[in-house]
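Shown next: coords.cif, containing mmCIF, C-alpha atoms and all ligand atoms.
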```
data_protein
#
loop_
_atom_site.label_atom_id
_atom_site.label_comp_id
_atom_site.auth_asym_id
_atom_site.auth_seq_id
_atom_site.Cartn_x
_atom_site.Cartn_y
_atom_site.Cartn_z
CA MET A 1 -5.67 -37.19 136.63
CA LEU A 2 -8.87 -38.27 138.40
CA SER A 3 -8.81 -38.97 142.12
CA GLN A 4 -9.36 -42.61 143.08
CA ASN A 5 -12.43 -41.54 144.99
CA ILE A 6 -14.15 -39.96 141.99
CA TYR A 7 -12.91 -42.65 139.61
CA SER A 8 -14.46 -45.35 141.77
CA LYS A 9 -17.78 -43.51 141.80
CA LEU A 10 -18.12 -42.85 138.08
CA ASP A 11 -19.14 -46.38 137.20
CA LYS A 12 -21.97 -46.72 139.66
CA SER A 13 -22.95 -43.08 139.83
CA SER A 14 -26.35 -43.12 138.20
CA TRP A 15 -28.68 -45.55 136.54
CA ILE A 16 -30.90 -42.62 135.72
CA ARG A 17 -28.24 -40.93 133.63
CA ALA A 18 -27.25 -44.27 132.05
CA MET A 19 -30.84 -44.82 130.91
CA PHE A 20 -31.07 -41.27 129.65
CA GLU A 21 -28.00 -41.85 127.48
CA GLU A 22 -29.46 -45.15 126.27
CA GLY A 23 -32.57 -43.18 125.29
CA ALA A 24 -30.57 -40.82 123.10
CA LYS A 25 -29.29 -43.83 121.11
CA LEU A 26 -32.76 -45.37 120.76
CA ARG A 27 -34.26 -42.06 119.62
CA GLU A 28 -31.71 -41.86 116.86
CA ILE A 29 -32.57 -45.33 115.60
CA HIS A 30 -36.37 -45.39 116.07
CA GLY A 31 -37.39 -41.70 116.12
CA ALA A 32 -38.26 -39.77 119.31
CA GLU A 33 -42.00 -40.51 119.11
CA ASN A 34 -41.36 -44.25 119.29
CA VAL A 35 -39.21 -44.18 122.43
CA TYR A 36 -40.93 -44.05 125.82
CA ASP A 37 -38.51 -42.37 128.15
CA PHE A 38 -39.54 -42.56 131.81
CA SER A 39 -35.98 -42.24 133.08
CA LEU A 40 -35.50 -38.65 134.22
CA GLY A 41 -37.40 -36.42 136.67
CA ASN A 42 -37.05 -33.47 134.32
CA PRO A 43 -40.48 -31.79 134.09
CA ASP A 44 -41.76 -31.36 130.52
CA TYR A 45 -43.80 -28.31 131.61
CA GLU A 46 -43.01 -24.70 130.90
CA PRO A 47 -42.96 -22.49 134.04
CA PRO A 48 -46.32 -20.90 135.05
CA ALA A 49 -47.39 -17.46 133.73
CA GLU A 50 -46.41 -15.73 137.00
CA VAL A 51 -42.80 -16.81 136.45
CA LYS A 52 -42.75 -15.63 132.83
CA ASN A 53 -44.23 -12.26 133.82
CA ALA A 54 -41.66 -11.83 136.57
CA ILE A 55 -38.85 -12.71 134.15
CA LYS A 56 -40.07 -9.93 131.84
CA LYS A 57 -40.43 -7.49 134.73
CA TYR A 58 -36.88 -7.98 136.01
CA ALA A 59 -35.31 -8.24 132.55
CA LEU A 60 -36.91 -5.06 131.18
CA GLY A 61 -37.29 -2.89 134.31
CA GLU A 62 -34.73 -0.78 136.14
CA TYR A 63 -33.38 -2.74 139.10
CA PRO A 64 -29.96 -1.30 139.89
CA GLY A 65 -27.62 -3.83 141.48
CA LEU A 66 -29.75 -6.83 140.51
CA HIS A 67 -26.82 -8.66 138.96
CA ARG A 68 -24.28 -8.00 141.71
CA TYR A 69 -23.02 -10.13 144.59
CA MET A 70 -25.16 -9.99 147.70
CA SER A 71 -25.24 -11.43 151.19
CA ASN A 72 -24.47 -15.18 151.03
CA ALA A 73 -27.96 -15.79 152.44
CA GLY A 74 -29.65 -14.20 149.41
CA HIS A 75 -31.93 -11.20 148.79
CA PRO A 76 -33.49 -10.08 152.12
CA ASP A 77 -36.89 -9.23 150.55
CA VAL A 78 -37.20 -12.69 148.97
CA ARG A 79 -36.14 -14.40 152.21
CA GLU A 80 -38.67 -12.27 154.09
CA LYS A 81 -41.49 -13.50 151.82
CA ILE A 82 -40.43 -17.14 152.19
CA ALA A 83 -40.11 -16.70 155.96
CA THR A 84 -43.66 -15.30 156.16
CA VAL A 85 -45.08 -18.35 154.36
CA THR A 86 -42.93 -20.77 156.42
CA ALA A 87 -43.99 -19.10 159.68
CA ALA A 88 -47.67 -19.28 158.72
CA GLU A 89 -47.43 -22.95 157.75
CA SER A 90 -45.42 -24.06 160.78
CA GLY A 91 -46.77 -21.68 163.43
CA LEU A 92 -43.14 -20.95 164.41
CA PRO A 93 -41.42 -17.54 164.64
CA VAL A 94 -39.48 -18.01 161.39
CA THR A 95 -37.84 -14.78 160.15
CA GLN A 96 -35.71 -14.00 157.13
CA ASN A 97 -32.67 -14.78 159.30
CA HIS A 98 -33.73 -18.44 159.27
CA ILE A 99 -33.87 -18.60 155.47
CA ILE A 100 -30.85 -19.17 153.20
CA MET A 101 -31.36 -19.08 149.44
CA THR A 102 -29.49 -21.93 147.73
CA CYS A 103 -28.61 -23.37 144.34
CA GLY A 104 -31.56 -25.74 144.30
CA ALA A 105 -32.27 -28.45 146.84
CA ALA A 106 -29.03 -30.13 145.77
CA GLY A 107 -27.02 -27.07 146.79
CA GLY A 108 -29.04 -26.75 150.02
CA LEU A 109 -28.45 -30.36 151.04
CA ASN A 110 -24.71 -30.05 150.43
CA VAL A 111 -24.58 -26.87 152.51
CA VAL A 112 -26.44 -28.43 155.46
CA LEU A 113 -24.38 -31.62 155.38
CA LYS A 114 -21.06 -29.79 155.02
CA SER A 115 -21.86 -27.60 157.99
CA ILE A 116 -22.68 -30.46 160.41
CA LEU A 117 -20.62 -33.53 159.50
CA ASN A 118 -17.34 -34.58 161.09
CA PRO A 119 -15.43 -37.37 159.32
CA GLY A 120 -17.23 -40.71 159.79
CA ASP A 121 -20.47 -39.19 161.11
CA GLU A 122 -23.48 -41.19 160.00
CA VAL A 123 -26.51 -39.94 158.10
CA ILE A 124 -29.61 -42.11 157.80
CA VAL A 125 -31.43 -42.31 154.47
CA PHE A 126 -34.53 -44.41 153.88
CA SER A 127 -34.36 -46.78 150.93
CA PRO A 128 -35.50 -46.50 148.24
CA TYR A 129 -33.68 -43.16 148.26
CA PHE A 130 -32.70 -40.39 145.84
CA VAL A 131 -29.31 -41.79 144.92
CA GLU A 132 -27.50 -38.44 145.03
CA TYR A 133 -27.91 -38.42 148.84
CA LEU A 134 -25.11 -40.97 149.09
CA PHE A 135 -22.71 -38.74 147.18
CA TYR A 136 -23.77 -35.57 149.01
CA ILE A 137 -23.12 -37.26 152.37
CA GLU A 138 -19.76 -38.58 151.19
CA ASN A 139 -18.85 -35.13 149.79
CA SER A 140 -18.74 -33.98 153.42
CA GLY A 141 -16.89 -37.00 154.80
CA GLY A 142 -20.04 -38.59 156.20
CA LYS A 143 -21.20 -42.20 156.00
CA PRO A 144 -24.64 -42.92 154.51
CA VAL A 145 -26.66 -45.47 156.48
CA PRO A 146 -29.51 -46.80 154.32
CA VAL A 147 -32.52 -48.04 156.28
CA PRO A 148 -35.11 -50.01 154.28
CA THR A 149 -38.71 -48.87 154.36
CA ASP A 150 -41.60 -51.27 154.75
CA THR A 151 -42.27 -52.18 151.10
CA ARG A 152 -46.00 -52.71 151.80
CA THR A 153 -46.34 -48.93 152.30
CA PHE A 154 -42.84 -47.56 151.60
CA GLU A 155 -43.10 -45.71 154.93
CA PRO A 156 -40.08 -45.88 157.28
CA SER A 157 -39.92 -48.95 159.50
CA LEU A 158 -39.56 -47.73 163.09
CA GLU A 159 -38.08 -51.02 164.15
CA LEU A 160 -35.29 -50.92 161.54
CA LEU A 161 -34.71 -47.24 162.19
CA ALA A 162 -34.29 -47.84 165.93
CA LYS A 163 -31.67 -50.51 165.21
CA SER A 164 -29.75 -48.24 162.81
CA ILE A 165 -29.21 -45.20 165.04
CA THR A 166 -25.79 -45.26 166.68
CA PRO A 167 -23.96 -42.62 168.75
CA LYS A 168 -22.36 -41.49 165.46
CA CYS A 169 -25.69 -40.65 163.86
CA LYS A 170 -25.68 -36.93 163.10
CA ALA A 171 -28.67 -36.56 160.80
CA ILE A 172 -31.56 -38.26 159.09
CA ILE A 173 -32.85 -37.27 155.66
CA ILE A 174 -36.60 -37.40 155.12
CA ASN A 175 -38.03 -37.03 151.62
CA SER A 176 -41.81 -36.85 151.45
CA PRO A 177 -43.46 -36.76 148.91
CA ASN A 178 -40.84 -39.29 148.01
CA ASN A 179 -38.67 -39.84 144.99
CA PRO A 180 -38.92 -42.64 143.77
CA THR A 181 -42.12 -43.99 145.40
CA GLY A 182 -44.40 -40.91 145.39
CA VAL A 183 -45.43 -41.84 148.94
CA VAL A 184 -46.29 -39.08 151.45
CA TYR A 185 -45.29 -40.06 155.01
CA SER A 186 -48.15 -39.91 157.47
CA GLU A 187 -48.15 -37.54 160.43
CA GLU A 188 -48.41 -40.55 162.73
CA THR A 189 -45.23 -42.14 161.32
CA LEU A 190 -43.34 -38.85 161.56
CA LYS A 191 -44.45 -38.28 165.15
CA ARG A 192 -43.32 -41.78 166.07
CA ILE A 193 -39.93 -41.03 164.49
CA ALA A 194 -39.73 -37.83 166.56
CA VAL A 195 -40.31 -39.77 169.78
CA LEU A 196 -37.71 -42.35 168.76
CA LEU A 197 -35.11 -39.67 167.92
CA GLU A 198 -35.64 -37.95 171.26
CA ALA A 199 -35.11 -41.23 173.07
CA LYS A 200 -31.94 -41.96 171.09
CA GLU A 201 -30.59 -38.44 171.66
CA ALA A 202 -31.11 -38.91 175.40
CA GLU A 203 -29.50 -42.37 175.31
CA PHE A 204 -26.40 -41.22 173.39
CA ASN A 205 -26.27 -37.63 174.61
CA SER A 206 -26.25 -36.58 170.95
CA LYS A 207 -28.19 -34.30 168.61
CA ILE A 208 -29.71 -35.69 165.43
CA LEU A 209 -30.72 -33.16 162.80
CA VAL A 210 -33.79 -33.97 160.72
CA ILE A 211 -33.16 -32.72 157.18
CA SER A 212 -36.40 -32.63 155.24
CA ASP A 213 -35.81 -32.60 151.50
CA GLU A 214 -39.09 -31.29 150.05
CA PRO A 215 -38.85 -30.40 146.35
CA TYR A 216 -42.18 -32.20 145.74
CA SER A 217 -44.11 -30.72 148.68
CA LYS A 218 -46.54 -28.91 146.37
CA ILE A 219 -47.00 -31.73 143.87
CA ILE A 220 -49.69 -33.68 145.69
CA TYR A 221 -52.96 -35.42 144.80
CA ASP A 222 -56.26 -36.48 146.30
CA GLN A 223 -56.29 -33.68 148.91
CA VAL A 224 -53.45 -35.34 150.81
CA GLU A 225 -51.73 -33.10 153.37
CA VAL A 226 -47.98 -33.11 153.71
CA PRO A 227 -47.25 -32.91 157.47
CA ASN A 228 -45.18 -29.90 158.51
CA ILE A 229 -41.72 -31.12 159.51
CA LEU A 230 -40.71 -27.99 161.43
CA LYS A 231 -43.75 -28.48 163.65
CA ILE A 232 -42.98 -32.13 164.38
CA PHE A 233 -39.18 -32.05 164.80
CA LYS A 234 -37.57 -29.30 166.88
CA HIS A 235 -34.08 -30.12 165.63
CA SER A 236 -34.88 -29.72 161.95
CA ALA A 237 -34.16 -27.88 158.72
CA VAL A 238 -36.25 -27.93 155.56
CA VAL A 239 -34.55 -27.92 152.17
CA ASN A 240 -36.82 -26.93 149.32
CA SER A 241 -36.58 -25.84 145.72
CA TYR A 242 -38.55 -24.53 142.75
CA SER A 243 -37.18 -27.10 140.30
CA LYS A 244 -40.36 -29.17 140.33
CA SER A 245 -43.13 -26.90 141.67
CA LEU A 246 -42.34 -24.12 139.15
CA ALA A 247 -40.66 -26.37 136.54
CA LEU A 248 -37.37 -24.48 136.86
CA PRO A 249 -34.74 -27.18 137.42
CA GLY A 250 -32.20 -25.51 135.16
CA GLU A 251 -32.31 -22.21 137.04
CA ARG A 252 -30.98 -23.63 140.32
CA VAL A 253 -32.93 -21.87 143.05
CA GLY A 254 -34.07 -23.26 146.37
CA TYR A 255 -33.73 -22.47 150.06
CA ILE A 256 -32.99 -23.83 153.52
CA ALA A 257 -35.46 -22.97 156.29
CA VAL A 258 -34.06 -23.56 159.77
CA ASN A 259 -36.24 -24.35 162.75
CA PRO A 260 -35.86 -21.31 165.07
CA GLY A 261 -36.04 -23.64 168.09
CA ILE A 262 -32.84 -25.48 167.19
CA ALA A 263 -29.97 -25.38 169.72
CA ASP A 264 -27.35 -22.70 168.88
CA VAL A 265 -29.42 -21.64 165.90
CA ASP A 266 -27.36 -18.54 165.03
CA LEU A 267 -24.11 -20.50 165.04
CA PHE A 268 -25.68 -23.18 162.81
CA ILE A 269 -26.88 -20.54 160.34
CA ASN A 270 -23.48 -18.84 160.31
CA GLY A 271 -21.84 -22.19 159.61
CA MET A 272 -24.19 -22.75 156.68
CA LEU A 273 -23.55 -19.28 155.26
CA PHE A 274 -19.85 -20.02 155.42
CA CYS A 275 -20.43 -23.31 153.56
CA ASN A 276 -22.69 -21.70 150.94
CA ARG A 277 -19.81 -19.33 150.26
CA THR A 278 -16.87 -21.72 150.43
CA LEU A 279 -18.45 -24.62 148.55
CA GLY A 280 -18.37 -22.11 145.73
CA PHE A 281 -22.07 -21.39 145.42
CA VAL A 282 -21.50 -17.90 146.95
CA ASN A 283 -25.22 -17.09 146.61
CA ALA A 284 -28.21 -18.50 144.73
CA PRO A 285 -28.70 -16.94 141.26
CA SER A 286 -29.76 -13.37 141.90
CA PHE A 287 -32.16 -12.82 139.00
CA PHE A 288 -34.15 -15.99 139.66
CA GLN A 289 -34.35 -15.34 143.40
CA LYS A 290 -36.26 -12.18 142.50
CA VAL A 291 -38.42 -14.02 139.96
CA ILE A 292 -39.31 -16.59 142.59
CA GLY A 293 -40.07 -13.88 145.14
CA ASP A 294 -42.84 -12.72 142.79
CA SER A 295 -44.11 -16.25 142.07
CA LEU A 296 -44.51 -17.82 145.50
CA ASP A 297 -48.24 -18.41 144.99
CA ALA A 298 -47.75 -20.07 141.60
CA ILE A 299 -47.60 -23.80 140.93
CA VAL A 300 -47.40 -26.00 137.85
CA ASN A 301 -50.59 -27.74 136.72
CA THR A 302 -50.88 -30.63 139.17
CA ASP A 303 -54.22 -31.71 137.64
CA GLU A 304 -52.33 -32.67 134.51
CA TYR A 305 -49.81 -34.67 136.57
CA LYS A 306 -52.73 -36.36 138.32
CA LYS A 307 -54.25 -37.28 134.96
CA ARG A 308 -50.95 -38.88 133.91
CA ARG A 309 -50.56 -40.68 137.24
CA ASP A 310 -54.10 -42.11 137.06
CA PHE A 311 -53.79 -43.20 133.45
CA LEU A 312 -50.41 -44.91 133.86
CA TYR A 313 -51.24 -46.44 137.23
CA ASN A 314 -54.64 -47.81 136.11
CA ASN A 315 -53.22 -49.29 132.92
CA LEU A 316 -50.28 -50.93 134.67
CA ILE A 317 -52.54 -52.48 137.30
CA GLU A 318 -54.82 -53.78 134.54
CA LEU A 319 -51.81 -55.36 132.83
CA GLY A 320 -50.91 -57.20 136.04
CA TYR A 321 -48.16 -54.95 137.39
CA SER A 322 -48.18 -54.35 141.12
CA CYS A 323 -47.66 -50.83 142.44
CA ILE A 324 -48.55 -48.50 145.30
CA LYS A 325 -50.72 -45.59 144.17
CA PRO A 326 -48.59 -42.53 144.90
CA GLN A 327 -50.03 -39.41 146.51
CA GLY A 328 -47.36 -37.00 145.41
CA ALA A 329 -44.35 -36.23 143.18
CA PHE A 330 -44.39 -37.60 139.62
CA TYR A 331 -43.04 -41.11 139.96
CA LEU A 332 -44.44 -44.65 140.06
CA PHE A 333 -42.42 -47.44 141.67
CA PRO A 334 -43.88 -50.77 140.52
CA GLN A 335 -42.53 -54.23 141.25
CA SER A 336 -40.25 -55.71 138.62
CA LEU A 337 -41.84 -58.68 136.82
CA ILE A 338 -38.71 -60.75 137.40
CA PRO A 339 -36.59 -60.73 140.56
CA ASP A 340 -33.60 -59.12 138.83
CA ASP A 341 -34.69 -55.52 138.22
CA ILE A 342 -31.56 -54.73 136.19
CA GLU A 343 -32.33 -57.58 133.78
CA PHE A 344 -35.91 -56.36 133.72
CA ALA A 345 -34.82 -52.86 132.66
CA LYS A 346 -32.73 -54.44 129.89
CA HIS A 347 -35.78 -56.41 128.66
CA ALA A 348 -37.78 -53.16 128.68
CA LEU A 349 -35.26 -51.56 126.31
CA LYS A 350 -36.29 -54.07 123.63
CA TYR A 351 -39.70 -52.36 123.62
CA ASN A 352 -38.13 -48.89 123.60
CA LEU A 353 -39.15 -48.42 127.23
CA LEU A 354 -36.65 -46.52 129.37
CA ILE A 355 -37.14 -47.30 133.03
CA VAL A 356 -34.78 -47.11 136.00
CA PRO A 357 -34.07 -50.28 138.04
CA GLY A 358 -34.92 -50.05 141.74
CA SER A 359 -31.33 -51.09 142.53
CA GLY A 360 -30.36 -47.56 141.52
CA PHE A 361 -32.38 -46.35 144.53
CA GLY A 362 -31.13 -49.03 146.92
CA CYS A 363 -34.29 -51.11 146.45
CA PRO A 364 -33.85 -54.10 144.11
CA GLY A 365 -36.94 -55.84 142.71
CA TYR A 366 -38.68 -52.62 141.64
CA PHE A 367 -38.41 -50.02 138.90
CA ARG A 368 -39.11 -46.29 138.68
CA LEU A 369 -41.18 -44.48 136.08
CA ALA A 370 -40.95 -40.68 135.93
CA TYR A 371 -44.26 -39.65 134.39
CA CYS A 372 -43.35 -35.99 133.90
CA VAL A 373 -43.45 -36.70 130.15
CA ASN A 374 -46.21 -35.75 127.74
CA PHE A 375 -49.51 -37.57 127.91
CA ASN A 376 -49.37 -38.93 124.36
CA SER A 377 -46.08 -40.62 125.05
CA ILE A 378 -47.61 -42.23 128.15
CA LYS A 379 -50.64 -43.36 126.13
CA ASN A 380 -48.48 -44.78 123.34
CA SER A 381 -46.27 -46.63 125.81
CA ILE A 382 -49.04 -48.91 127.10
CA PRO A 383 -48.71 -51.53 124.29
CA ALA A 384 -44.98 -51.69 125.10
CA PHE A 385 -45.71 -52.38 128.81
CA LYS A 386 -48.23 -55.00 127.65
CA ALA A 387 -45.73 -56.74 125.36
CA LEU A 388 -43.10 -56.68 128.13
CA ALA A 389 -45.54 -58.26 130.60
CA LYS A 390 -46.55 -60.87 128.02
CA GLU A 391 -42.94 -61.83 127.35
CA LEU A 392 -42.02 -62.17 131.00
CA LYS A 393 -45.20 -63.65 132.39
CA ASP A 394 -45.86 -66.28 129.73
N1 LIG A 401 -34.09 -34.14 146.12
C1 LIG A 401 -34.86 -34.99 145.42
C2 LIG A 401 -35.62 -36.03 146.13
C3 LIG A 401 -34.93 -34.89 144.03
O1 LIG A 401 -35.71 -35.74 143.35
C4 LIG A 401 -34.18 -33.88 143.38
C5 LIG A 401 -34.17 -33.77 141.91
O2 LIG A 401 -34.64 -34.62 141.18
C6 LIG A 401 -33.40 -33.04 144.17
C7 LIG A 401 -33.38 -33.18 145.53
C8 LIG A 401 -32.57 -31.94 143.55
O3 LIG A 401 -33.40 -30.88 143.22
P1 LIG A 401 -32.83 -29.47 142.73
O4 LIG A 401 -33.02 -29.41 141.26
O5 LIG A 401 -33.69 -28.49 143.45
O6 LIG A 401 -31.43 -29.39 143.14
#
```

Show this structure as structure tokens.
Amino acid sequence: MLSQNIYSKLDKSSWIRAMFEEGAKLREIHGAENVYDFSLGNPDYEPPAEVKNAIKKYALGEYPGLHRYMSNAGHPDVREKIATVTAAESGLPVTQNHIIMTCGAAGGLNVVLKSILNPGDEVIVFSPYFVEYLFYIENSGGKPVPVPTDTRTFEPSLELLAKSITPKCKAIIINSPNNPTGVVYSEETLKRIAVLLEAKEAEFNSKILVISDEPYSKIIYDQVEVPNILKIFKHSAVVNSYSKSLALPGERVGYIAVNPGIADVDLFINGMLFCNRTLGFVNAPSFFQKVIGDSLDAIVNTDEYKKRRDFLYNNLIELGYSCIKPQGAFYLFPQSLIPDDIEFAKHALKYNLLIVPGSGFGCPGYFRLAYCVNFNSIKNSIPAFKALAKELKD
């Protein structure tokens, strides 16, 4: 029944999911409180009060037509609000016409890629990467081109990027704050990428779209600023969502914001509306678009995430693990204590620690910890990390 294409992908589709399943087994044997599950970026928070109030308002009030079909772009009033914020942040004349509401960032990325890729077109992703990018690109007949980052900083290497751009390169996906490293790319790095892309576009007479995947843009620490992509790259589109910033991953709402300065902008937007419709999304969930429209100023408690980051990071460093201190998102990406990160993750299971090998993100030799789990679990996991280090270092 299954196509060969899908069949071939099932096996290698996700380490994250595999670990999650492993966790379910361990919980049954040892009890949930004795299993330290850092495998999934599924926030343990409840949505902020603004979201709950808006849910009540739209559920109990009279809003005729709320549950009907609408324009494929989404509710105009919600898009207008998002456009106002995007315009203020970027300084660009962004209007509601440049905003398309989507089924999360995942839906948004698929819509953008479907609308631009011809068979065999290349899309650059920086490794370590969010593994779903590979599948999203292939969904639209494109070819993912992983380009390693500089593991001293996990920022893109300009030298490797320059070597990887060919005349077939149609887009580049940027994800900052990054999953899995938590790194926020500096403005200087991004501006250097912009200069490089312009030179390559001139050399190949091509256009390369910068797709900025930003679900973690509001989850940042230590007063770091996330550079505005629309300001830096003229040929750009931002894909964002409320899965992480409002702890609503199950509700599937996000948006695409298109740079108004892009060539043939109206045609591009029309193409994306067509794809939003024909990929079967039709429109983002109506009720939650409205809820989000009332909650744009809200954000989950990032101080609590910072507390977890600091505690886990400081303890791991003390135990001899080596790791970059992330400035955003809710992941740590330490070095594996043995070269084979998959073996390392298997060793960790013996201590009821669920971690994801870096190979799952195209970056062997590392492992990812999603610390969007409750603080007690993080605290109780430290002896397990200690025992793991003792076993492998002695
Ligand atoms: N992009 C990145 C980097 C992610 O980490 C995730 C989810 O974990 C997504 C996109 C998908 O987010 P959404 O739930 O908004 O589809």

Best match for closeness to Lys170 in chain A among A:Ala263, A:Val94, A:Cys323, A:Ile124, counting all atoms listed in the file: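 The shortest atom-to-atom distance to Lys170 in chain A comes from A:Ile124.
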
One-decimal distance in Å that lies between CA of Met272 in chain A and CA of Ser115 in chain A: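 Rounded to one decimal, the two atoms are 5.5 Å apart.
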
Within 9 Å of ligand LIG 401 (chain A), which residues of chain A show up? Give each one with its shortest atom-to-atom distance in Å (one decimal) and the two atoms involved, counting only C-alpha atoms and all ligand atoms, rows by chain then rising residue number, as a tab-separated table.
```
residue	atom	partner	partner_atom	distance
A:Leu40	CA	A:LIG401	O2	8.1
A:Gly41	CA	A:LIG401	O2	5.6
A:Asn42	CA	A:LIG401	O2	7.4
A:Thr102	CA	A:LIG401	O5	8.9
A:Cys103	CA	A:LIG401	O6	6.8
A:Gly104	CA	A:LIG401	O5	3.6
A:Ala105	CA	A:LIG401	O5	3.7
A:Ala106	CA	A:LIG401	O6	3.6
A:Gly107	CA	A:LIG401	O6	6.2
A:Gly108	CA	A:LIG401	O6	7.7
A:Leu109	CA	A:LIG401	C7	7.9
A:Tyr129	CA	A:LIG401	C2	7.7
A:Phe130	CA	A:LIG401	C2	5.3
A:Val131	CA	A:LIG401	C2	8.6
A:Glu132	CA	A:LIG401	C7	7.9
A:Tyr133	CA	A:LIG401	N1	8.0
A:Asn175	CA	A:LIG401	C2	6.1
A:Ser176	CA	A:LIG401	C2	8.2
A:Pro177	CA	A:LIG401	C2	8.4
A:Asn178	CA	A:LIG401	C2	6.4
A:Asn179	CA	A:LIG401	C2	5.0
A:Pro180	CA	A:LIG401	O1	7.6
A:Asp213	CA	A:LIG401	N1	5.9
A:Glu214	CA	A:LIG401	N1	7.0
A:Pro215	CA	A:LIG401	N1	6.1
A:Tyr216	CA	A:LIG401	C2	7.6
A:Val239	CA	A:LIG401	C7	8.6
A:Asn240	CA	A:LIG401	O5	6.8
A:Ser241	CA	A:LIG401	O5	4.5
A:Tyr242	CA	A:LIG401	O5	6.3
A:Ser243	CA	A:LIG401	O4	4.9
A:Lys244	CA	A:LIG401	O5	7.4
A:Leu248	CA	A:LIG401	O4	7.9
A:Pro249	CA	A:LIG401	O4	4.8
A:Gly250	CA	A:LIG401	O4	7.3
A:Glu251	CA	A:LIG401	O4	8.4
A:Arg252	CA	A:LIG401	O4	6.2
A:Val253	CA	A:LIG401	O5	6.7
A:Gly254	CA	A:LIG401	O5	6.0
A:Tyr255	CA	A:LIG401	O5	8.9
A:Ala329	CA	A:LIG401	O1	8.7
```

Point-to-point distance from CA of Gly182 in chain A to CA of Glu122 in chain A, Å rounded to tenths: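 A separation of 25.5 Å between them.
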
Distance query Gly280 in chain A at most 12 Å, all atoms listed in the file, self and fewer than 3 positions along chain excluded, as a list in words: Asn72, Thr102, Cys103, Gly107, Asn110, Val111, Leu273, Phe274, Cys275, Asn276, Arg277, Asn283 and Ala284 of chain A

Within 9 Å of range 44-59 of chain A using all atoms listed in the file, minus same-chain residues under 2 positions, as a PDB file with C-alpha atoms, in the coordinates of the input:
```pdb
ATOM      1  CA  ASN A  42     -37.050 -33.470 134.320  1.00  0.00           C
ATOM      2  CA  GLY A  61     -37.290  -2.890 134.310  1.00  0.00           C
ATOM      3  CA  GLU A  62     -34.730  -0.780 136.140  1.00  0.00           C
ATOM      4  CA  TYR A  63     -33.380  -2.740 139.100  1.00  0.00           C
ATOM      5  CA  LEU A  66     -29.750  -6.830 140.510  1.00  0.00           C
ATOM      6  CA  SER A 245     -43.130 -26.900 141.670  1.00  0.00           C
ATOM      7  CA  LEU A 246     -42.340 -24.120 139.150  1.00  0.00           C
ATOM      8  CA  ALA A 247     -40.660 -26.370 136.540  1.00  0.00           C
ATOM      9  CA  LEU A 248     -37.370 -24.480 136.860  1.00  0.00           C
ATOM     10  CA  PHE A 287     -32.160 -12.820 139.000  1.00  0.00           C
ATOM     11  CA  PHE A 288     -34.150 -15.990 139.660  1.00  0.00           C
ATOM     12  CA  LYS A 290     -36.260 -12.180 142.500  1.00  0.00           C
ATOM     13  CA  VAL A 291     -38.420 -14.020 139.960  1.00  0.00           C
ATOM     14  CA  ILE A 292     -39.310 -16.590 142.590  1.00  0.00           C
ATOM     15  CA  GLY A 293     -40.070 -13.880 145.140  1.00  0.00           C
ATOM     16  CA  ASP A 294     -42.840 -12.720 142.790  1.00  0.00           C
ATOM     17  CA  SER A 295     -44.110 -16.250 142.070  1.00  0.00           C
ATOM     18  CA  LEU A 296     -44.510 -17.820 145.500  1.00  0.00           C
ATOM     19  CA  ASP A 297     -48.240 -18.410 144.990  1.00  0.00           C
ATOM     20  CA  ALA A 298     -47.750 -20.070 141.600  1.00  0.00           C
ATOM     21  CA  ILE A 299     -47.600 -23.800 140.930  1.00  0.00           C
ATOM     22  CA  VAL A 300     -47.400 -26.000 137.850  1.00  0.00           C
ATOM     23  CA  ASN A 301     -50.590 -27.740 136.720  1.00  0.00           C
ATOM     24  CA  CYS A 372     -43.350 -35.990 133.900  1.00  0.00           C
ATOM     25  CA  VAL A 373     -43.450 -36.700 130.150  1.00  0.00           C
ATOM     26  CA  ASN A 374     -46.210 -35.750 127.740  1.00  0.00           C
TER      27      ASN A 374
END
```

Selected residue of minimal separation from Ile82 in chain A among A:Gly358, A:Ala257, A:Ile229, A:Lys393, counting all atoms listed in the file: A:Ala257

Contacts of Leu312 in chain A within 12 Å, only C-alpha atoms, excl. fewer than 5 positions in-chain, as a ChimeraX atom specification: /A:38,305-307,317-319,321,323,325-326,330-334,369-383,385

Residue among A:Val125, A:Ile193, A:Ile137, A:Val78 lying closest to Glu159 in chain A, counting all atoms listed in the file: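 Comparing A:Val125, A:Ile193, A:Ile137, A:Val78 against Glu159 in chain A, the winner is A:Ile193.
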
Between CA of Phe361 in chain A and CA of Pro148 in chain A - distance in Å to one decimal: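 That distance, rounded to one decimal, is 10.8 Å.
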
Among listed residues A:Pro64, A:Gly31, A:Gly328, A:Gly91, nearest Gln223 in chain A (using only C-alpha atoms):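 Looking only at the distances to Gln223 in chain A, the closest residue turns out to be A:Gly328.
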
Shortest interatomic distance to Pro167 in chain A - which of A:Gly23, A:Gly120, A:Pro285, A:Pro357, counting all atoms listed in the file: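 Closest to Pro167 in chain A of all the choices is A:Gly120.
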
Contacts of Ala83 in chain A at 8 Å (only C-alpha atoms; same-chain gap of 3+ positions) as an mmCIF file with C-alpha atoms, keeping the file's coordinate frame:
```cif
data_model
loop_
_atom_site.group_PDB
_atom_site.id
_atom_site.type_symbol
_atom_site.label_atom_id
_atom_site.label_comp_id
_atom_site.auth_asym_id
_atom_site.auth_seq_id
_atom_site.Cartn_x
_atom_site.Cartn_y
_atom_site.Cartn_z
ATOM 1 C CA ARG A 79 -36.140 -14.400 152.210
ATOM 2 C CA GLU A 80 -38.670 -12.270 154.090
ATOM 3 C CA THR A 86 -42.930 -20.770 156.420
ATOM 4 C CA ALA A 87 -43.990 -19.100 159.680
ATOM 5 C CA VAL A 94 -39.480 -18.010 161.390
ATOM 6 C CA THR A 95 -37.840 -14.780 160.150
ATOM 7 C CA GLN A 96 -35.710 -14.000 157.130
ATOM 8 C CA HIS A 98 -33.730 -18.440 159.270
ATOM 9 C CA ILE A 99 -33.870 -18.600 155.470
ATOM 10 C CA ALA A 257 -35.460 -22.970 156.290
#
```
